[in-house]
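Visitor: my_file_11.csv (CSV, C-alpha atoms) pasted underneath:
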chain,number,residue,atom,x,y,z
A,1,MET,CA,23.5,96.6,13.8
A,2,PRO,CA,22.3,95.3,17.2
A,3,PRO,CA,18.7,94.2,17.5
A,4,SER,CA,16.3,97.0,18.3
A,5,PRO,CA,14.5,96.3,21.6
A,6,VAL,CA,10.7,96.4,21.7
A,7,LEU,CA,9.2,97.9,24.9
A,8,LEU,CA,6.3,95.9,26.1
A,9,ALA,CA,4.2,97.2,29.0
A,10,ALA,CA,3.5,94.7,31.8
A,11,ASN,CA,0.2,96.5,32.5
A,12,ASN,CA,0.6,96.8,36.2
A,13,ALA,CA,0.5,100.5,36.9
A,14,SER,CA,0.1,101.3,40.6
A,15,GLU,CA,1.3,103.7,43.3
A,16,TRP,CA,4.2,101.4,43.8
A,17,THR,CA,5.2,100.6,40.2
A,18,GLY,CA,4.4,104.1,38.9
A,19,PRO,CA,1.9,105.4,36.4
A,20,THR,CA,3.3,103.3,33.5
A,21,GLY,CA,3.9,100.1,35.5
A,22,ASN,CA,6.8,97.8,34.5
A,23,ASN,CA,8.7,97.9,31.3
A,24,THR,CA,9.8,94.6,29.7
A,25,TYR,CA,12.0,94.6,26.6
A,26,LEU,CA,12.0,92.0,23.8
A,27,LEU,CA,15.2,91.6,21.7
A,28,PRO,CA,14.2,89.7,18.6
A,29,GLY,CA,17.6,88.0,18.1
A,30,PRO,CA,17.9,85.2,17.3
A,31,PRO,CA,17.9,84.0,19.9
A,32,SER,CA,15.0,86.0,21.1
A,33,MET,CA,15.3,87.5,24.6
A,34,LEU,CA,12.9,89.1,27.0
A,35,ILE,CA,14.2,91.3,29.8
A,36,ASP,CA,12.0,90.8,32.9
A,37,ALA,CA,8.9,88.7,33.0
A,38,GLY,CA,6.1,91.1,34.0
A,39,ILE,CA,3.3,89.7,36.1
A,40,GLY,CA,1.6,87.3,33.7
A,41,ASP,CA,-1.0,89.9,32.4
A,42,PRO,CA,-2.8,88.4,29.4
A,43,ALA,CA,-2.5,91.5,27.3
A,44,HIS,CA,1.3,91.6,27.9
A,45,LEU,CA,1.5,87.9,26.8
A,46,ASP,CA,-0.6,88.7,23.7
A,47,ALA,CA,1.6,91.7,22.8
A,48,LEU,CA,4.7,89.5,23.2
A,49,GLY,CA,3.2,86.8,21.0
A,50,ARG,CA,2.4,89.3,18.2
A,51,GLU,CA,6.0,90.6,18.2
A,52,LEU,CA,7.4,87.1,18.1
A,53,ALA,CA,4.9,86.0,15.4
A,54,ALA,CA,5.8,82.4,14.6
A,55,ALA,CA,9.2,82.6,16.4
A,56,ALA,CA,9.8,81.0,19.8
A,57,LEU,CA,10.7,82.9,22.9
A,58,ASP,CA,14.2,81.5,23.7
A,59,LEU,CA,15.4,83.3,26.9
A,60,VAL,CA,14.1,85.4,29.7
A,61,LEU,CA,16.6,87.4,31.7
A,62,ILE,CA,15.2,88.7,35.0
A,63,THR,CA,16.9,91.7,36.7
A,64,HIS,CA,15.9,90.7,40.2
A,65,HIS,CA,13.4,88.7,42.2
A,66,HIS,CA,10.8,91.3,43.1
A,67,VAL,CA,7.3,90.2,42.1
A,68,ASP,CA,6.7,92.9,39.5
A,69,HIS,CA,9.7,91.6,37.6
A,70,SER,CA,9.4,87.9,38.1
A,71,ALA,CA,5.8,86.9,38.8
A,72,GLY,CA,5.0,86.4,35.1
A,73,VAL,CA,7.4,83.5,34.7
A,74,PRO,CA,4.8,80.7,35.1
A,75,ALA,CA,2.6,82.3,32.4
A,76,LEU,CA,5.5,82.6,30.1
A,77,LEU,CA,6.5,79.0,30.6
A,78,GLU,CA,2.9,77.9,30.0
A,79,ARG,CA,2.8,79.8,26.7
A,80,TRP,CA,6.4,79.1,25.5
A,81,PRO,CA,7.3,75.8,27.3
A,82,GLY,CA,10.9,75.7,25.8
A,83,VAL,CA,11.9,79.1,27.1
A,84,VAL,CA,15.0,79.3,29.4
A,85,VAL,CA,14.7,81.5,32.4
A,86,ARG,CA,17.7,83.0,34.1
A,87,GLY,CA,17.9,85.1,37.3
A,88,GLY,CA,15.4,86.4,39.8
A,89,GLY,CA,15.0,83.2,41.7
A,90,ALA,CA,12.9,81.8,38.8
A,91,GLY,CA,15.8,80.1,37.0
A,92,ALA,CA,19.5,79.4,37.2
A,93,PRO,CA,21.3,82.2,38.9
A,94,LEU,CA,23.0,84.8,36.8
A,95,VAL,CA,26.8,85.2,37.0
A,96,ASP,CA,28.6,88.5,37.0
A,97,GLY,CA,30.2,89.0,33.6
A,98,GLU,CA,28.3,86.2,31.9
A,99,SER,CA,27.6,86.9,28.2
A,100,PHE,CA,24.4,86.2,26.2
A,101,PRO,CA,24.7,86.4,22.4
A,102,CYS,CA,21.7,88.0,20.7
A,103,GLY,CA,21.7,88.6,16.9
A,104,SER,CA,24.7,90.7,16.1
A,105,THR,CA,25.3,91.8,19.7
A,106,THR,CA,26.0,90.4,23.1
A,107,LEU,CA,24.4,91.2,26.4
A,108,ARG,CA,26.7,91.1,29.4
A,109,ALA,CA,25.3,90.5,32.9
A,110,ILE,CA,26.5,93.1,35.4
A,111,HIS,CA,25.8,92.4,39.1
A,112,THR,CA,24.4,95.6,40.7
A,113,PRO,CA,23.2,94.8,44.2
A,114,GLY,CA,21.6,97.4,46.5
A,115,HIS,CA,18.0,97.6,45.6
A,116,ALA,CA,18.0,93.8,45.9
A,117,PRO,CA,20.9,91.4,46.5
A,118,ASP,CA,20.4,89.6,43.2
A,119,HIS,CA,19.9,92.7,41.0
A,120,PHE,CA,21.6,92.6,37.6
A,121,CYS,CA,21.8,95.0,34.7
A,122,PHE,CA,22.4,93.8,31.1
A,123,PHE,CA,25.0,95.8,29.0
A,124,ASP,CA,24.7,95.7,25.2
A,125,GLU,CA,28.3,95.5,24.1
A,126,THR,CA,27.5,97.0,20.7
A,127,SER,CA,25.1,99.8,21.4
A,128,ARG,CA,26.3,100.4,25.0
A,129,GLU,CA,22.7,100.5,26.1
A,130,VAL,CA,22.0,99.1,29.6
A,131,TYR,CA,18.8,97.4,30.6
A,132,CYS,CA,19.1,98.7,34.2
A,133,GLY,CA,16.1,97.2,36.0
A,134,ASP,CA,15.4,99.1,39.2
A,135,LEU,CA,18.9,100.7,39.5
A,136,ALA,CA,17.8,104.1,38.2
A,137,ARG,CA,14.8,105.8,36.5
A,138,ILE,CA,13.4,109.2,35.6
A,139,GLY,CA,10.7,110.7,37.7
A,140,GLY,CA,11.4,109.1,41.0
A,141,THR,CA,14.0,107.6,43.2
A,142,VAL,CA,14.7,103.9,43.9
A,143,VAL,CA,13.7,102.3,47.2
A,144,ILE,CA,16.4,100.5,49.1
A,145,PRO,CA,14.3,97.9,51.1
A,146,ALA,CA,16.6,97.1,54.0
A,147,SER,CA,14.1,94.5,55.4
A,148,ARG,CA,14.4,92.5,52.2
A,149,GLY,CA,18.1,92.6,51.6
A,150,GLY,CA,18.5,96.1,50.3
A,151,ASP,CA,21.9,97.7,51.1
A,152,LEU,CA,22.7,101.4,50.6
A,153,GLY,CA,26.4,100.9,50.4
A,154,ASP,CA,26.0,98.2,47.7
A,155,TYR,CA,23.5,100.5,45.9
A,156,LEU,CA,25.9,103.4,45.7
A,157,ARG,CA,28.7,101.2,44.5
A,158,SER,CA,26.4,99.7,41.8
A,159,LEU,CA,25.6,103.2,40.6
A,160,GLU,CA,29.3,104.0,40.3
A,161,ARG,CA,29.9,100.8,38.5
A,162,LEU,CA,27.1,101.6,36.0
A,163,ARG,CA,28.5,105.1,35.5
A,164,ASN,CA,31.9,103.7,34.7
A,165,LEU,CA,30.5,101.6,31.9
A,166,ARG,CA,29.8,104.9,30.1
A,167,PRO,CA,26.4,103.7,28.8
A,168,SER,CA,24.8,105.4,25.8
A,169,SER,CA,21.3,105.1,27.4
A,170,LEU,CA,19.5,103.3,30.2
A,171,LEU,CA,16.4,101.2,29.6
A,172,PRO,CA,14.8,101.1,33.0
A,173,ALA,CA,12.1,98.8,34.3
A,174,HIS,CA,9.9,101.9,35.1
A,175,GLY,CA,9.5,105.1,33.2
A,176,PRO,CA,11.0,106.4,30.0
A,177,ILE,CA,14.4,105.7,28.5
A,178,VAL,CA,17.2,107.6,30.1
A,179,GLU,CA,19.1,109.4,27.3
A,180,ASP,CA,21.7,111.2,29.6
A,181,PRO,CA,22.8,108.4,31.9
A,182,ALA,CA,25.8,110.3,33.5
A,183,ARG,CA,23.6,113.2,34.5
A,184,VAL,CA,20.9,111.0,36.0
A,185,ILE,CA,23.4,108.8,37.9
A,186,ASP,CA,25.2,111.8,39.3
A,187,ALA,CA,21.8,113.2,40.4
A,188,TYR,CA,21.0,109.9,42.1
A,189,LEU,CA,24.4,109.9,44.0
A,190,ALA,CA,23.9,113.5,45.1
A,191,HIS,CA,20.3,112.8,46.2
A,192,ARG,CA,21.4,109.9,48.4
A,193,ARG,CA,24.2,112.0,50.0
A,194,GLU,CA,21.7,114.8,50.7
A,195,ARG,CA,19.1,112.4,52.1
A,196,HIS,CA,21.8,110.8,54.3
A,197,GLU,CA,22.7,114.2,55.8
A,198,GLU,CA,19.0,114.9,56.5
A,199,ILE,CA,18.7,111.6,58.3
A,200,LEU,CA,21.8,112.3,60.4
A,201,ALA,CA,20.4,115.7,61.3
A,202,ALA,CA,17.2,114.0,62.4
A,203,LEU,CA,19.2,111.6,64.6
A,204,ALA,CA,21.1,114.6,66.1
A,205,ASP,CA,17.7,116.2,67.0
A,206,GLY,CA,16.7,113.1,69.0
A,207,LEU,CA,14.6,111.2,66.4
A,208,ARG,CA,15.4,107.5,66.6
A,209,THR,CA,12.9,105.2,64.7
A,210,PRO,CA,12.5,105.1,60.9
A,211,ALA,CA,8.8,106.1,61.4
A,212,GLU,CA,9.9,109.3,63.2
A,213,ILE,CA,12.5,110.1,60.7
A,214,VAL,CA,10.2,109.5,57.7
A,215,ALA,CA,7.7,112.0,59.2
A,216,ARG,CA,10.5,114.6,59.3
A,217,VAL,CA,12.3,113.8,56.0
A,218,TYR,CA,9.3,112.8,53.8
A,219,PRO,CA,6.4,115.0,55.2
A,220,ALA,CA,4.1,114.9,52.2
A,221,LEU,CA,4.6,111.2,51.2
A,222,PRO,CA,1.5,109.3,50.1
A,223,ARG,CA,0.3,106.9,52.7
A,224,GLY,CA,0.9,103.9,50.5
A,225,LEU,CA,4.6,104.7,50.2
A,226,VAL,CA,5.4,105.3,53.9
A,227,ALA,CA,6.5,101.7,54.6
A,228,ALA,CA,8.9,101.8,51.6
A,229,ALA,CA,10.3,105.1,52.9
A,230,GLU,CA,10.8,103.6,56.3
A,231,ASP,CA,12.7,100.7,54.8
A,232,THR,CA,14.9,103.0,52.9
A,233,VAL,CA,15.6,105.1,56.0
A,234,LEU,CA,16.6,101.8,57.7
A,235,ALA,CA,19.1,101.2,54.9
A,236,HIS,CA,20.6,104.6,55.6
A,237,LEU,CA,20.8,103.9,59.3
A,238,ARG,CA,22.6,100.7,58.7
A,239,VAL,CA,25.5,102.3,56.9
A,240,GLY,CA,26.3,104.2,60.1
A,241,LYS,CA,27.4,107.8,60.5
Could I get this file's structure written as structure tokens?

Guide:
Amino acid sequence: MPPSPVLLAANNASEWTGPTGNNTYLLPGPPSMLIDAGIGDPAHLDALGRELAAAALDLVLITHHHVDHSAGVPALLERWPGVVVRGGGAGAPLVDGESFPCGSTTLRAIHTPGHAPDHFCFFDETSREVYCGDLARIGGTVVIPASRGGDLGDYLRSLERLRNLRPSSLLPAHGPIVEDPARVIDAYLAHRRERHEEILAALADGLRTPAEIVARVYPALPRGLVAAAEDTVLAHLRVGK
């Protein structure tokens, strides 16, 4: 049987990260692996230490470089000096298709750009679970931050690639486990097509800037998320008509 992942909350709930903040996942191994680094919150480190008991933390795999996924690396290195960090700009880059043995299973790195150029998912080749980072989630959509390398075309191709893996479930970086991946991925693809048509309609009506289009397409958006919505609209505009 593959190792059972332990969900450890990064304790960084916010309007941006959602009401539960970031999820990190510990696979006991050996070797022990942590998916995403959190933000260095002491309670997160203590929970990780309790789960490891006397064992070392061997490897941290980071889905992408955004701070809520990678900022905890220095604190992890301070507490477990021998840990190897891969991905997210905090360690050696990940390679598409690279394998990481863990207990009786293997995780395979799957490059899934779009939300970020360096975004990776990790596919458990035994259970077919996918640690999907910020590629998909329940209870919200994913920002495509064009000003920071986000690319809508890449994102849609990454969703298709994920669907073609036929995952048994998705373990996202935010929110609950996705038990029906195909349905959720299809809903994401349909949502992006619908949003793109709304943006094209706004352009046809003479709106030109992301701010003008956000006011039309996202009329009830909380103030703190407006900039993210403008960045995602920019990603739609960049794929053309």

Visitor: Could you give me, as a ChimeraX atom specification, the residues within 9 Å of segment 200-205 of chain A, counting only C-alpha atoms and dropping anything in the same chain fewer than 6 positions from it?

Guide: /A:212-213,216-217,237,241

Visitor: Measure the distance from atom CA of Ala211 of chain A to atom CA of Ala116 of chain A in Å and round it to one decimal.

Guide: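 It comes out at 21.8 Å.
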
Visitor: Taking (0.1, 100.0, 46.4) in the file's coordinates, which residues come within 12 Å, counting only C-alpha atoms, written as number ranges by chain?

Guide: A: 12-19, 21, 68, 222-228

Visitor: How close does segment 104-193 of chain A get to segment 84-90 of chain A? List, as a Markdown table, each residue of segment 104-193 of chain A within 9 Å, its nearest atom pair and the distance in Å to one decimal, counting all atoms listed in the file.

Guide:
| residue | atom | partner | partner_atom | distance |
| --- | --- | --- | --- | --- |
| A:Asp118 | CA | A:Gly88 | CA | 6.8 |
| A:His119 | CA | A:Gly88 | CA | 7.8 |
| A:Phe120 | CA | A:Gly87 | CA | 8.4 |

Visitor: Given the point (10.8, 109.1, 52.4) in the coordinates of this file, which residues lie within 7 Å, counting all atoms listed in the file, and how would they look as a ChimeraX atom specification?

Guide: /A:214,217-218,221,226,229-230

Visitor: Pull the closest atom pair for each residue of segment 102-136 of chain A that gets at most 12 Å from segment 180-199 of chain A, along with the distance in Å to one decimal, counting all atoms listed in the file, ordering rows by chain and then ascending residue number, as a Markdown table.

Guide:
| residue | atom | partner | partner_atom | distance |
| --- | --- | --- | --- | --- |
| A:Arg128 | CA | A:Pro181 | CA | 11.1 |
| A:Glu129 | CA | A:Pro181 | CA | 9.8 |
| A:Val130 | CA | A:Pro181 | CA | 9.6 |
| A:Tyr131 | CA | A:Pro181 | CA | 11.8 |
| A:Cys132 | CA | A:Pro181 | CA | 10.6 |
| A:Leu135 | CA | A:Ile185 | CA | 9.4 |
| A:Ala136 | CA | A:Ile185 | CA | 7.3 |

Visitor: Only C-alpha atoms, please: the residues just picked out, written as a compact mmCIF listing (two decimals), keeping the file's coordinate frame.

Guide:
# COMPACT_ATOMS: atom_id res chain seq x y z
CA ARG A 128 26.30 100.40 25.00
CA GLU A 129 22.70 100.50 26.10
CA VAL A 130 22.00 99.10 29.60
CA TYR A 131 18.80 97.40 30.60
CA CYS A 132 19.10 98.70 34.20
CA LEU A 135 18.90 100.70 39.50
CA ALA A 136 17.80 104.10 38.20

Visitor: For atom CA of Ala9 of chain A and atom CA of Ile62 of chain A, quote the distance in Å rounded to one decimal.

Guide: 15.1 Å

Visitor: Using all atoms listed in the file, find the one residue out of A:Pro5, A:Pro93, A:Gly103, A:Gly149 that sits nearest to Pro30 of chain A.

Guide: A:Gly103

Visitor: Reconstruct N, CA and C atoms of segment 176-191 of chain A from the incomplete input and present them as a PDB file, keeping the file's coordinate frame.

Guide:
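Just written: rebuild_24.pdb:
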ATOM      1  N   PRO A 176      10.465 106.293  31.327  1.00  0.00           N
ATOM      2  CA  PRO A 176      11.000 106.400  30.000  1.00  0.00           C
ATOM      3  C   PRO A 176      12.510 106.076  29.916  1.00  0.00           C
ATOM      4  N   ILE A 177      13.000 105.898  28.699  1.00  0.00           N
ATOM      5  CA  ILE A 177      14.400 105.700  28.500  1.00  0.00           C
ATOM      6  C   ILE A 177      15.223 106.859  28.948  1.00  0.00           C
ATOM      7  N   VAL A 178      16.356 106.586  29.577  1.00  0.00           N
ATOM      8  CA  VAL A 178      17.200 107.600  30.100  1.00  0.00           C
ATOM      9  C   VAL A 178      18.294 107.919  29.036  1.00  0.00           C
ATOM     10  N   GLU A 179      18.212 109.098  28.423  1.00  0.00           N
ATOM     11  CA  GLU A 179      19.100 109.400  27.300  1.00  0.00           C
ATOM     12  C   GLU A 179      20.412 110.090  27.784  1.00  0.00           C
ATOM     13  N   ASP A 180      20.468 110.527  29.029  1.00  0.00           N
ATOM     14  CA  ASP A 180      21.700 111.200  29.600  1.00  0.00           C
ATOM     15  C   ASP A 180      22.062 110.458  30.864  1.00  0.00           C
ATOM     16  N   PRO A 181      22.602 109.240  30.742  1.00  0.00           N
ATOM     17  CA  PRO A 181      22.800 108.400  31.900  1.00  0.00           C
ATOM     18  C   PRO A 181      23.750 109.075  32.969  1.00  0.00           C
ATOM     19  N   ALA A 182      24.840 109.704  32.538  1.00  0.00           N
ATOM     20  CA  ALA A 182      25.800 110.300  33.500  1.00  0.00           C
ATOM     21  C   ALA A 182      25.107 111.316  34.376  1.00  0.00           C
ATOM     22  N   ARG A 183      24.300 112.173  33.765  1.00  0.00           N
ATOM     23  CA  ARG A 183      23.600 113.200  34.500  1.00  0.00           C
ATOM     24  C   ARG A 183      22.645 112.609  35.534  1.00  0.00           C
ATOM     25  N   VAL A 184      21.892 111.614  35.102  1.00  0.00           N
ATOM     26  CA  VAL A 184      20.900 111.000  36.000  1.00  0.00           C
ATOM     27  C   VAL A 184      21.583 110.240  37.122  1.00  0.00           C
ATOM     28  N   ILE A 185      22.650 109.507  36.820  1.00  0.00           N
ATOM     29  CA  ILE A 185      23.400 108.800  37.900  1.00  0.00           C
ATOM     30  C   ILE A 185      23.977 109.736  38.870  1.00  0.00           C
ATOM     31  N   ASP A 186      24.578 110.815  38.380  1.00  0.00           N
ATOM     32  CA  ASP A 186      25.200 111.800  39.300  1.00  0.00           C
ATOM     33  C   ASP A 186      24.081 112.418  40.181  1.00  0.00           C
ATOM     34  N   ALA A 187      22.898 112.651  39.625  1.00  0.00           N
ATOM     35  CA  ALA A 187      21.800 113.200  40.400  1.00  0.00           C
ATOM     36  C   ALA A 187      21.369 112.199  41.497  1.00  0.00           C
ATOM     37  N   TYR A 188      21.344 110.921  41.166  1.00  0.00           N
ATOM     38  CA  TYR A 188      21.000 109.900  42.100  1.00  0.00           C
ATOM     39  C   TYR A 188      22.027 109.876  43.280  1.00  0.00           C
ATOM     40  N   LEU A 189      23.309 109.904  42.935  1.00  0.00           N
ATOM     41  CA  LEU A 189      24.400 109.900  44.000  1.00  0.00           C
ATOM     42  C   LEU A 189      24.239 111.121  44.872  1.00  0.00           C
ATOM     43  N   ALA A 190      23.997 112.295  44.273  1.00  0.00           N
ATOM     44  CA  ALA A 190      23.900 113.500  45.100  1.00  0.00           C
ATOM     45  C   ALA A 190      22.618 113.448  45.951  1.00  0.00           C
ATOM     46  N   HIS A 191      21.530 112.895  45.426  1.00  0.00           N
ATOM     47  CA  HIS A 191      20.300 112.800  46.200  1.00  0.00           C
ATOM     48  C   HIS A 191      20.510 111.903  47.429  1.00  0.00           C
TER      49      HIS A 191
END
